[in-house]
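Heads up: the structure comes next, in structure tokens.
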Amino acid sequence: MRIWVGIIVLVFAQGLAGCDGRSSVPPTAPISTTSPTDVPPTPGTVSGERWNLTATLRSITGPEACVSDAARLTIGQPFSWLITIQRSGESIHLSVAEADDPSDRLGEYDGTVVDGVLTAAIKSITGQTLCGHVRAESYVSGRFSGDDRLLTAENVNSFQLSSGETLLAYYDWSASRQ
């Protein structure tokens, strides 16, 4: 249940206003530059490489009733998050968390990296919003730099509403290894 809530919070907090006209703005506190080898992991956090993630909302499309003016105002605004990356061969696991509380995980992506190209997703979840029943999915695709210290990606969050309409939010991701 916590992961389901975290995914909805992540997606809506990054600029989708929930359908009720209110906006949830994520924290934008700076991310610590402490190396993960300097501090043991906090209970509840994910082990792996820690990266600073900046997600910038590029656009929102969907039914007018489900996208508030406040959400539209966040277009172009960067949000700071912490991302922990675990890799094994071509498999990858990304854990997105609050920058100031890494134990507060917001989303877990699983995917692959082949020749530096990342493809990952959060499994489909369902829930109830003020716009009705929704099925939410989140995808990330991008590329790691040759030295594996930078990640540039696009994140697409898709909400299939019970009305048959789709709400989409597009983010540009930029991440650097701490």
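A note on labels: chains of the structure tokens are A, B, ... as shown, every chain counts residues from 1, and ligands are counted from 1 in their shown order.
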Could you name the residues that touch segment 142-146 of chain A at 7 Å or less, counting only C-alpha atoms, but leaving out those on the same chain fewer than 4 positions away, as a count of residues only?
9
Distance query Asn157 of chain A at most 7 Å, only C-alpha atoms, self and fewer than 4 positions along chain excluded, as a PDB file with N, CA, C and O atoms, in the first residue's frame:
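Okay, this is what ended up in selection.pdb:
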ATOM      1  N   VAL A  11       3.808  11.044  -8.803  1.00  0.00           N
ATOM      2  CA  VAL A  11       3.254  11.505 -10.065  1.00  0.00           C
ATOM      3  C   VAL A  11       2.466  12.789  -9.877  1.00  0.00           C
ATOM      4  O   VAL A  11       2.659  13.755 -10.609  1.00  0.00           O
ATOM      5  N   GLU A 137       0.518   4.547 -14.858  1.00  0.00           N
ATOM      6  CA  GLU A 137       1.768   3.909 -15.256  1.00  0.00           C
ATOM      7  C   GLU A 137       2.816   4.990 -15.409  1.00  0.00           C
ATOM      8  O   GLU A 137       2.488   6.141 -15.688  1.00  0.00           O
ATOM      9  N   SER A 138       4.082   4.619 -15.225  1.00  0.00           N
ATOM     10  CA  SER A 138       5.170   5.571 -15.365  1.00  0.00           C
ATOM     11  C   SER A 138       6.331   4.893 -16.069  1.00  0.00           C
ATOM     12  O   SER A 138       6.713   3.776 -15.703  1.00  0.00           O
ATOM     13  N   TYR A 139       6.861   5.558 -17.092  1.00  0.00           N
ATOM     14  CA  TYR A 139       7.950   5.020 -17.898  1.00  0.00           C
ATOM     15  C   TYR A 139       9.103   6.001 -17.926  1.00  0.00           C
ATOM     16  O   TYR A 139       8.897   7.213 -17.952  1.00  0.00           O
ATOM     17  N   LEU A 168      -1.636  12.780 -19.426  1.00  0.00           N
ATOM     18  CA  LEU A 168      -0.209  12.499 -19.585  1.00  0.00           C
ATOM     19  C   LEU A 168       0.611  13.645 -19.030  1.00  0.00           C
ATOM     20  O   LEU A 168       0.278  14.821 -19.243  1.00  0.00           O
ATOM     21  N   ALA A 169       1.689  13.316 -18.338  1.00  0.00           N
ATOM     22  CA  ALA A 169       2.642  14.306 -17.857  1.00  0.00           C
ATOM     23  C   ALA A 169       4.024  13.885 -18.333  1.00  0.00           C
ATOM     24  O   ALA A 169       4.429  12.738 -18.148  1.00  0.00           O
ATOM     25  N   TYR A 170       4.732  14.823 -18.963  1.00  0.00           N
ATOM     26  CA  TYR A 170       6.060  14.556 -19.516  1.00  0.00           C
ATOM     27  C   TYR A 170       7.098  15.334 -18.716  1.00  0.00           C
ATOM     28  O   TYR A 170       6.957  16.542 -18.527  1.00  0.00           O
TER      29      TYR A 170
END
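When only C-alpha atoms are used to compute distances to Asp104 of chain A, the closest of the residues A:Glu90, A:Lys123, A:Val134, A:Leu82 turns out to be A:Leu82.
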For Leu94 of chain A, list every protein, DNA or RNA residue within 9 Å, evaluated using only C-alpha atoms, and leave out those in the same chain fewer than 2 positions away; present the list as a ChimeraX atom specification.
/A:83-87,92,96,107-111,120
C-alpha atoms of the current selection, written as a short mmCIF file (atom, residue, chain, number, x, y, z; two decimals), in the first residue's frame:
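Done, and the output landed in result.cif:
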data_model
loop_
_atom_site.label_atom_id
_atom_site.label_comp_id
_atom_site.auth_asym_id
_atom_site.auth_seq_id
_atom_site.Cartn_x
_atom_site.Cartn_y
_atom_site.Cartn_z
CA ILE A 83 17.43 8.41 -6.95
CA THR A 84 19.18 5.21 -5.92
CA ILE A 85 20.36 3.03 -8.79
CA GLN A 86 21.11 -0.67 -8.54
CA ARG A 87 22.52 -2.42 -11.61
CA ILE A 92 18.43 -1.95 -13.38
CA VAL A 96 13.06 7.60 -6.34
CA GLY A 107 8.48 5.11 -6.79
CA GLU A 108 10.31 1.95 -7.80
CA TYR A 109 11.23 1.43 -11.47
CA ASP A 110 12.55 -1.81 -12.97
CA GLY A 111 14.08 -2.13 -16.40
CA ALA A 120 12.34 1.24 -17.08
#
Kindly indicate which residue among A:Arg50, A:Arg135, A:Arg72, A:Arg58 lies nearest to Asp172 of chain A, using only C-alpha atoms for the distances.
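So, comparing all the options, the nearest one is A:Arg58.
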Can you measure atom CA of Thr61 of chain A to atom CA of Thr166 of chain A for me? One decimal in Å is fine.
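Result for atom CA of Thr61 of chain A versus atom CA of Thr166 of chain A: 8.1 Å, one decimal.
Of the listed residues (A:Phe159, A:Ala65, A:Ile75, A:His93), A:His93 comes nearest to Gly48 of chain A; the distances count only C-alpha atoms.
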Suppose you want the space between atom CA of Ser176 of chain A and atom CA of Ser141 of chain A; what is it in Å?
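Computing the Euclidean distance for atom CA of Ser176 of chain A and atom CA of Ser141 of chain A yields 15.7 Å.
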